[in-house]
>>> print(open('data14.txt').read())   # compact mmCIF, C-alpha atoms
# COMPACT_ATOMS: atom_id res chain seq x y z
CA MET A 1 52.91 135.08 82.48
CA GLN A 2 55.11 133.53 85.17
CA LEU A 3 53.82 133.82 88.70
CA ASN A 4 55.73 135.82 91.27
CA TYR A 5 56.58 132.85 93.48
CA LYS A 6 57.80 134.96 96.39
CA LYS A 7 54.54 136.92 96.42
CA GLN A 8 52.50 133.72 96.26
CA ALA A 9 54.44 132.30 99.24
CA ALA A 10 53.73 135.52 101.15
CA ILE A 11 50.02 135.34 100.37
CA GLU A 12 49.96 131.74 101.62
CA ALA A 13 51.86 132.71 104.78
CA ALA A 14 49.36 135.46 105.60
CA LYS A 15 46.70 132.77 106.07
CA LYS A 16 48.56 131.53 109.16
CA VAL A 17 48.18 134.86 110.97
CA LYS A 18 45.29 135.09 113.42
CA PRO A 19 43.75 138.23 114.95
CA HIS A 20 45.41 139.72 118.05
CA GLN A 21 48.77 138.04 117.47
CA ILE A 22 52.24 139.53 117.78
CA ILE A 23 54.01 139.00 114.47
CA GLY A 24 57.76 139.21 113.83
CA LEU A 25 59.04 139.95 110.34
CA GLY A 26 62.53 139.79 108.89
CA GLY A 27 63.78 141.63 105.83
CA GLY A 28 63.69 141.30 102.05
CA GLY A 29 61.22 141.27 99.20
CA THR A 30 59.15 138.25 100.27
CA ILE A 31 58.60 139.76 103.70
CA ALA A 32 57.58 143.08 102.12
CA TYR A 33 54.90 141.21 100.17
CA LEU A 34 53.72 139.61 103.41
CA ALA A 35 53.48 142.96 105.19
CA GLU A 36 51.41 144.35 102.33
CA GLU A 37 49.14 141.31 102.30
CA LEU A 38 48.52 141.57 106.06
CA ALA A 39 47.82 145.30 105.81
CA ALA A 40 45.24 144.65 103.08
CA ASP A 41 42.99 142.83 105.58
CA VAL A 42 42.23 146.04 107.45
CA ASP A 43 40.00 144.59 110.17
CA LYS A 44 42.50 141.90 111.17
CA ALA A 45 45.51 144.19 110.72
CA GLN A 46 44.13 146.60 113.32
CA THR A 47 44.33 143.82 115.95
CA LEU A 48 47.93 142.85 115.17
CA ARG A 49 51.20 144.09 116.63
CA PHE A 50 54.53 143.80 114.83
CA VAL A 51 58.24 143.64 115.58
CA SER A 52 60.99 143.48 112.99
CA SER A 53 64.69 142.71 112.75
CA SER A 54 64.93 144.97 109.69
CA VAL A 55 64.87 148.77 109.66
CA GLU A 56 63.50 148.70 106.11
CA THR A 57 60.66 146.35 107.08
CA GLU A 58 59.87 148.41 110.17
CA ASN A 59 59.60 151.55 108.04
CA LEU A 60 57.33 149.71 105.59
CA LEU A 61 55.09 148.54 108.44
CA LEU A 62 54.76 152.11 109.69
CA ASP A 63 54.03 153.36 106.16
CA LEU A 64 51.28 150.74 105.89
CA GLY A 65 49.72 152.04 109.11
CA LEU A 66 50.50 148.90 111.11
CA LYS A 67 51.37 148.95 114.80
CA VAL A 68 55.08 148.42 115.50
CA ILE A 69 56.22 147.78 119.05
CA ASP A 70 59.61 147.44 120.76
CA ALA A 71 60.75 143.80 120.88
CA ALA A 72 62.67 144.56 124.08
CA THR A 73 59.35 144.85 125.91
CA LEU A 74 58.39 141.25 125.00
CA THR A 75 59.34 137.80 126.18
CA SER A 76 57.74 135.95 123.26
CA ILE A 77 56.01 136.50 119.92
CA ASP A 78 53.49 134.30 118.15
CA LEU A 79 54.99 133.95 114.67
CA TYR A 80 58.25 135.01 113.06
CA PHE A 81 58.46 135.04 109.26
CA ASP A 82 61.67 135.50 107.29
CA GLY A 83 63.29 134.66 103.98
CA CYS A 84 66.58 132.84 103.48
CA ASP A 85 69.37 132.25 100.99
CA GLN A 86 69.26 128.45 101.29
CA LEU A 87 67.43 125.85 103.35
CA ASP A 88 67.66 122.07 103.58
CA LYS A 89 65.18 119.27 104.33
CA GLU A 90 65.73 119.70 108.08
CA LEU A 91 64.94 123.44 107.69
CA ASN A 92 68.47 124.47 108.55
CA ALA A 93 69.02 127.74 106.71
CA LEU A 94 71.66 130.22 105.64
CA LYS A 95 70.65 133.88 105.99
CA SER A 96 73.74 135.76 104.96
CA GLY A 97 72.75 138.42 102.44
CA GLY A 98 71.11 140.97 104.71
CA GLY A 99 73.81 140.88 107.36
CA ILE A 100 71.21 141.20 110.14
CA HIS A 101 71.26 137.55 111.23
CA THR A 102 72.02 138.40 114.88
CA ASP A 103 68.80 140.42 115.14
CA GLU A 104 66.86 137.83 113.14
CA LYS A 105 67.96 135.02 115.44
CA ALA A 106 66.86 136.94 118.52
CA LEU A 107 63.31 137.27 117.18
CA ALA A 108 63.28 133.73 115.79
CA CYS A 109 64.15 132.36 119.24
CA MET A 110 61.37 134.41 120.82
CA ALA A 111 58.77 133.00 118.41
CA LYS A 112 56.41 130.13 119.09
CA GLU A 113 56.71 129.35 115.36
CA PHE A 114 59.52 130.39 113.01
CA ILE A 115 58.48 130.09 109.36
CA LEU A 116 60.77 130.51 106.36
CA LEU A 117 59.30 131.89 103.12
CA GLY A 118 60.43 132.12 99.51
CA ASP A 119 60.60 130.55 96.10
CA VAL A 120 61.41 126.87 95.73
CA GLU A 121 64.89 127.65 94.35
CA LYS A 122 65.97 128.40 97.92
CA TYR A 123 65.65 124.69 98.75
CA THR A 124 68.85 122.66 98.51
CA ASP A 125 69.96 119.55 100.33
CA PRO A 126 72.49 119.73 101.75
CA LEU A 127 73.44 123.37 102.20
CA ASN A 128 76.32 124.12 99.88
CA ILE A 129 79.16 126.46 98.98
CA ASN A 130 77.05 128.49 96.52
CA CYS A 131 75.99 130.65 99.46
CA LEU A 132 78.32 132.70 101.63
CA PHE A 133 78.53 132.12 105.37
CA THR A 134 78.58 135.41 107.27
CA VAL A 135 79.98 136.05 110.74
CA GLU A 136 79.39 139.19 112.80
CA VAL A 137 82.46 139.93 114.94
CA VAL A 138 83.66 142.66 117.26
CA PRO A 139 86.12 144.87 115.31
CA TYR A 140 89.31 143.95 117.16
CA ALA A 141 88.69 140.22 116.51
CA ILE A 142 88.74 140.49 112.69
CA GLY A 143 92.22 139.05 112.26
CA PHE A 144 91.86 136.35 114.92
CA ILE A 145 88.50 135.08 113.67
CA SER A 146 89.56 135.15 110.01
CA ASP A 147 92.68 133.15 110.79
CA THR A 148 90.86 130.68 113.04
CA LEU A 149 88.21 130.04 110.38
CA LYS A 150 90.93 129.23 107.85
CA LYS A 151 92.66 126.88 110.28
CA ASN A 152 89.49 124.96 111.16
CA PHE A 153 87.61 124.77 107.83
CA ASP A 154 88.22 124.39 104.11
CA VAL A 155 88.00 128.11 103.38
CA LEU A 156 88.59 129.71 99.99
CA HIS A 157 88.60 133.26 101.34
CA VAL A 158 87.29 135.56 104.07
CA VAL A 159 86.26 139.08 103.03
CA ILE A 160 85.28 142.02 105.22
CA ARG A 161 81.95 143.37 103.98
CA THR A 162 82.12 147.02 102.98
CA ASP A 163 79.60 149.70 102.04
CA THR A 164 79.44 151.70 98.80
CA ASP A 165 82.25 153.96 100.04
CA LYS A 166 84.48 150.90 100.61
CA LYS A 167 84.34 151.42 104.35
CA ASN A 168 83.76 148.49 106.70
CA ARG A 169 80.03 147.93 106.99
CA LEU A 170 79.01 148.18 110.64
CA THR A 171 75.97 146.55 112.23
CA LYS A 172 73.79 148.47 114.68
CA ARG A 173 76.06 147.15 117.45
CA GLY A 174 79.20 148.33 115.67
CA GLY A 175 80.05 144.77 114.63
CA ILE A 176 81.97 143.87 111.46
CA LEU A 177 80.62 141.36 108.93
CA LEU A 178 82.99 138.71 107.58
CA ASP A 179 81.79 136.90 104.44
CA VAL A 180 83.25 133.40 104.24
CA LYS A 181 83.48 131.38 101.02
CA PHE A 182 84.04 127.67 101.65
CA GLN A 183 85.66 125.21 99.25
CA SER A 184 83.67 122.41 100.90
CA PHE A 185 80.78 123.05 103.25
CA PRO A 186 81.41 122.07 106.89
CA GLU A 187 79.36 119.74 109.03
CA LEU A 188 76.51 121.88 110.33
CA SER A 189 76.70 121.20 114.07
CA THR A 190 80.44 121.91 114.04
CA LEU A 191 79.97 125.13 112.10
CA ASN A 192 77.14 126.25 114.37
CA HIS A 193 79.37 125.81 117.42
CA ILE A 194 81.79 128.58 116.39
CA LYS A 195 79.42 131.10 117.96
CA VAL A 196 81.22 130.34 121.24
CA TRP A 197 84.56 131.63 119.88
CA PRO A 198 85.56 134.84 121.67
CA GLY A 199 84.95 137.80 119.40
CA ILE A 200 82.03 136.31 117.46
CA ILE A 201 78.66 137.97 118.00
CA ASP A 202 76.76 135.46 115.84
CA HIS A 203 76.76 133.83 112.40
CA SER A 204 74.31 133.31 109.55
CA LEU A 205 73.62 129.58 109.95
CA PHE A 206 70.17 129.04 111.46
CA TYR A 207 70.67 125.54 112.81
CA LYS A 208 67.60 123.63 114.01
CA MET A 209 65.64 126.85 114.51
CA ALA A 210 62.86 126.98 111.90
CA THR A 211 59.65 125.06 112.55
CA ALA A 212 58.17 125.30 109.03
CA ALA A 213 58.74 126.67 105.54
CA ILE A 214 56.42 127.82 102.78
CA LEU A 215 57.97 127.68 99.32
CA CYS A 216 56.34 128.34 95.97
CA GLY A 217 57.50 127.21 92.53
CA PRO A 218 56.35 125.95 89.14
CA GLU A 219 54.71 122.89 90.70
CA GLY A 220 52.77 124.93 93.25
CA MET A 221 52.99 125.51 96.98
CA ASN A 222 55.24 123.43 99.22
CA HIS A 223 54.68 123.31 102.98
CA LEU A 224 57.65 121.87 104.86
CA SER A 225 57.85 121.18 108.58
CA ILE A 226 60.29 119.64 111.02
CA SER A 227 57.85 116.78 111.60
CA GLN A 228 58.42 115.50 108.06
>>> encode(input="data14.txt", output="structure tokens")
Amino acid sequence: MQLNYKKQAAIEAAKKVKPHQIIGLGGGGTIAYLAEELAADVDKAQTLRFVSSSVETENLLLDLGLKVIDAATLTSIDLYFDGCDQLDKELNALKSGGGIHTDEKALACMAKEFILLGDVEKYTDPLNINCLFTVEVVPYAIGFISDTLKKNFDVLHVVIRTDTDKKNRLTKRGGILLDVKFQSFPELSTLNHIKVWPGIIDHSLFYKMATAAILCGPEGMNHLSISQ
């Protein structure tokens, strides 16, 4: 029977958590496995405090009886764990699928260590066009940002993300998500810099942010770090 690589990565990540730490968690299946693994060690779990960028993860933490606190009351957290859609050898990552990258980046920047988790298929070097690039924008900047992206990069199309009712999907800030499909992937530092464009709240490229990654695959566990 094939191992659940995401679950194995989560089990490995749980070993990095020490008692009395403040732990940040992102969203997705791998992070759900990590929350469950941390909750299983009842004695240690009772000493931990959690913050999350994901409503679903926060609800899971509460259901598991773990202590969730308001990130706005903190200036730093010890560890932030999250999944990704792609990552490269420098641990640059794309985190587009969930559409909560703005919140994820805030917690990642607060963390002393930011660790990416997942199966080894997430690793690719360099980052490529198989993954969408997502931009959160203020609603009245949709047209301007879409047009400016097309003028500055080799873009196939820009699509406004919608919900099941075909209405524009809004973030908790009322932002709109633009999903960008490139024909050739831009240079990362140039792409990262678009966050300064008026109207952009943030984008899904996590450039030079992660400090480590734990990936699991057929050949076992892979620990990556920026020191490599």
>>> closest_residue(input="data14.txt", among="A:Val159, A:Leu48, A:Val196, A:Leu107", to="Met209 in chain A", atoms="all atoms listed in the file")
A:Leu107
>>> atom_distance(input="data14.txt", atom1="CA of Asn168 in chain A", atom2="CA of Leu94 in chain A")
21.9 Å
>>> closest_residue(input="data14.txt", among="A:His203, A:Lys44, A:Lys167, A:Lys7", to="Gln21 in chain A", atoms="all atoms listed in the file")
A:Lys44
>>> closest_residue(input="data14.txt", among="A:Leu116, A:Ile129, A:Leu177, A:Ala10", to="Leu156 in chain A", atoms="only C-alpha atoms")
A:Ile129
>>> residues_around(input="data14.txt", residues="Asp119 in chain A", least_positions_apart="6", cutoff="8 Å", atoms="only C-alpha atoms", output="ChimeraX atom specification")
/A:5-6,9,215-217
>>> residues_around(input="data14.txt", residues="range 82-87 of chain A", least_positions_apart="2", cutoff="8 Å", atoms="all atoms listed in the file", output="ChimeraX atom specification")
/A:25-28,30-31,80,89-97,114-118,122-125,127,131
>>> closest_residue(input="data14.txt", among="A:Gly24, A:Pro218, A:Pro19, A:Gly99", to="Ile176 in chain A", atoms="all atoms listed in the file")
A:Gly99
>>> closest_residue(input="data14.txt", among="A:His20, A:Glu104, A:Asn59, A:Arg161", to="Asp43 in chain A", atoms="only C-alpha atoms")
A:His20
>>> closest_residue(input="data14.txt", among="A:Asn152, A:Thr162, A:Gln46, A:Ser184", to="Pro126 in chain A", atoms="all atoms listed in the file")
A:Ser184
>>> atom_distance(input="data14.txt", atom1="CA of Leu64 in chain A", atom2="CA of Glu36 in chain A")
7.3 Å
>>> atom_distance(input="data14.txt", atom1="CA of Asn192 in chain A", atom2="CA of Thr73 in chain A")
28.2 Å
>>> axis_aligned_box(input="data14.txt", around="range 93-99 of chain A", padding_each_side="3 Å", output="lines of an AutoDock Vina configuration file")
center_x = 71.4
center_y = 134.4
center_z = 104.9
size_x = 10.8
size_y = 19.2
size_z = 10.9
>>> residues_around(input="data14.txt", residues="Glu113 in chain A", least_positions_apart="5", cutoff="7 Å", atoms="only C-alpha atoms", output="PyMOL selection string")
chain A and resi 78-80+211
>>> residues_around(input="data14.txt", residues="range 139-148 of chain A", least_positions_apart="6", cutoff="7 Å", atoms="all atoms listed in the file", output="list in words")
Val158, Gly175, Ile176 and Gly199 of chain A
>>> residues_around(input="data14.txt", residues="Asp63 in chain A", least_positions_apart="3", cutoff="12 Å", atoms="only C-alpha atoms", output="JSON, numbers by chain")
{"A": [32, 35, 36, 39, 56, 57, 58, 59, 60, 66, 67, 68]}
>>> build_atoms(input="data14.txt", residues="range 185-208 of chain A", atoms="N, CA and C atoms", output="PDB file, keeping the file's coordinate frame")
ATOM      1  N   PHE A 185      81.595 122.535 102.148  1.00  0.00           N
ATOM      2  CA  PHE A 185      80.780 123.050 103.250  1.00  0.00           C
ATOM      3  C   PHE A 185      80.952 122.185 104.494  1.00  0.00           C
ATOM      4  N   PRO A 186      81.157 122.816 105.652  1.00  0.00           N
ATOM      5  CA  PRO A 186      81.410 122.070 106.890  1.00  0.00           C
ATOM      6  C   PRO A 186      80.182 121.310 107.398  1.00  0.00           C
ATOM      7  N   GLU A 187      80.437 120.415 108.308  1.00  0.00           N
ATOM      8  CA  GLU A 187      79.360 119.740 109.030  1.00  0.00           C
ATOM      9  C   GLU A 187      78.620 120.773 109.855  1.00  0.00           C
ATOM     10  N   LEU A 188      77.286 120.757 109.815  1.00  0.00           N
ATOM     11  CA  LEU A 188      76.510 121.880 110.330  1.00  0.00           C
ATOM     12  C   LEU A 188      76.649 122.079 111.838  1.00  0.00           C
ATOM     13  N   SER A 189      76.616 121.017 112.616  1.00  0.00           N
ATOM     14  CA  SER A 189      76.700 121.200 114.070  1.00  0.00           C
ATOM     15  C   SER A 189      78.055 121.771 114.476  1.00  0.00           C
ATOM     16  N   THR A 190      79.107 121.376 113.761  1.00  0.00           N
ATOM     17  CA  THR A 190      80.440 121.910 114.040  1.00  0.00           C
ATOM     18  C   THR A 190      80.509 123.393 113.687  1.00  0.00           C
ATOM     19  N   LEU A 191      79.966 123.735 112.527  1.00  0.00           N
ATOM     20  CA  LEU A 191      79.970 125.130 112.100  1.00  0.00           C
ATOM     21  C   LEU A 191      79.132 125.994 113.045  1.00  0.00           C
ATOM     22  N   ASN A 192      78.003 125.483 113.464  1.00  0.00           N
ATOM     23  CA  ASN A 192      77.140 126.250 114.370  1.00  0.00           C
ATOM     24  C   ASN A 192      77.855 126.566 115.675  1.00  0.00           C
ATOM     25  N   HIS A 193      78.725 125.682 116.107  1.00  0.00           N
ATOM     26  CA  HIS A 193      79.370 125.810 117.420  1.00  0.00           C
ATOM     27  C   HIS A 193      80.378 126.945 117.474  1.00  0.00           C
ATOM     28  N   ILE A 194      80.784 127.509 116.340  1.00  0.00           N
ATOM     29  CA  ILE A 194      81.790 128.580 116.390  1.00  0.00           C
ATOM     30  C   ILE A 194      81.265 129.837 117.058  1.00  0.00           C
ATOM     31  N   LYS A 195      79.964 129.919 117.284  1.00  0.00           N
ATOM     32  CA  LYS A 195      79.420 131.100 117.960  1.00  0.00           C
ATOM     33  C   LYS A 195      80.009 131.275 119.366  1.00  0.00           C
ATOM     34  N   VAL A 196      80.612 130.231 119.909  1.00  0.00           N
ATOM     35  CA  VAL A 196      81.220 130.340 121.240  1.00  0.00           C
ATOM     36  C   VAL A 196      82.639 130.909 121.163  1.00  0.00           C
ATOM     37  N   TRP A 197      83.211 131.063 119.972  1.00  0.00           N
ATOM     38  CA  TRP A 197      84.560 131.630 119.880  1.00  0.00           C
ATOM     39  C   TRP A 197      84.553 133.072 120.364  1.00  0.00           C
ATOM     40  N   PRO A 198      85.485 133.446 121.220  1.00  0.00           N
ATOM     41  CA  PRO A 198      85.560 134.840 121.670  1.00  0.00           C
ATOM     42  C   PRO A 198      85.715 135.788 120.491  1.00  0.00           C
ATOM     43  N   GLY A 199      84.899 136.826 120.476  1.00  0.00           N
ATOM     44  CA  GLY A 199      84.950 137.800 119.400  1.00  0.00           C
ATOM     45  C   GLY A 199      83.819 137.673 118.405  1.00  0.00           C
ATOM     46  N   ILE A 200      83.171 136.494 118.359  1.00  0.00           N
ATOM     47  CA  ILE A 200      82.030 136.310 117.460  1.00  0.00           C
ATOM     48  C   ILE A 200      80.746 136.736 118.161  1.00  0.00           C
ATOM     49  N   ILE A 201      79.972 137.583 117.481  1.00  0.00           N
ATOM     50  CA  ILE A 201      78.660 137.970 118.000  1.00  0.00           C
ATOM     51  C   ILE A 201      77.630 136.923 117.596  1.00  0.00           C
ATOM     52  N   ASP A 202      77.573 136.586 116.322  1.00  0.00           N
ATOM     53  CA  ASP A 202      76.760 135.460 115.840  1.00  0.00           C
ATOM     54  C   ASP A 202      77.051 135.253 114.360  1.00  0.00           C
ATOM     55  N   HIS A 203      76.510 134.174 113.808  1.00  0.00           N
ATOM     56  CA  HIS A 203      76.760 133.830 112.400  1.00  0.00           C
ATOM     57  C   HIS A 203      75.429 133.534 111.697  1.00  0.00           C
ATOM     58  N   SER A 204      75.520 133.347 110.382  1.00  0.00           N
ATOM     59  CA  SER A 204      74.310 133.310 109.550  1.00  0.00           C
ATOM     60  C   SER A 204      73.725 131.927 109.325  1.00  0.00           C
ATOM     61  N   LEU A 205      74.229 130.898 110.010  1.00  0.00           N
ATOM     62  CA  LEU A 205      73.620 129.580 109.950  1.00  0.00           C
ATOM     63  C   LEU A 205      72.517 129.496 110.999  1.00  0.00           C
ATOM     64  N   PHE A 206      71.305 129.236 110.555  1.00  0.00           N
ATOM     65  CA  PHE A 206      70.170 129.040 111.460  1.00  0.00           C
ATOM     66  C   PHE A 206      69.968 127.534 111.596  1.00  0.00           C
ATOM     67  N   TYR A 207      70.589 126.987 112.633  1.00  0.00           N
ATOM     68  CA  TYR A 207      70.670 125.540 112.810  1.00  0.00           C
ATOM     69  C   TYR A 207      69.577 125.052 113.756  1.00  0.00           C
ATOM     70  N   LYS A 208      68.706 124.208 113.233  1.00  0.00           N
ATOM     71  CA  LYS A 208      67.600 123.630 114.010  1.00  0.00           C
ATOM     72  C   LYS A 208      66.762 124.710 114.692  1.00  0.00           C
TER      73      LYS A 208
END
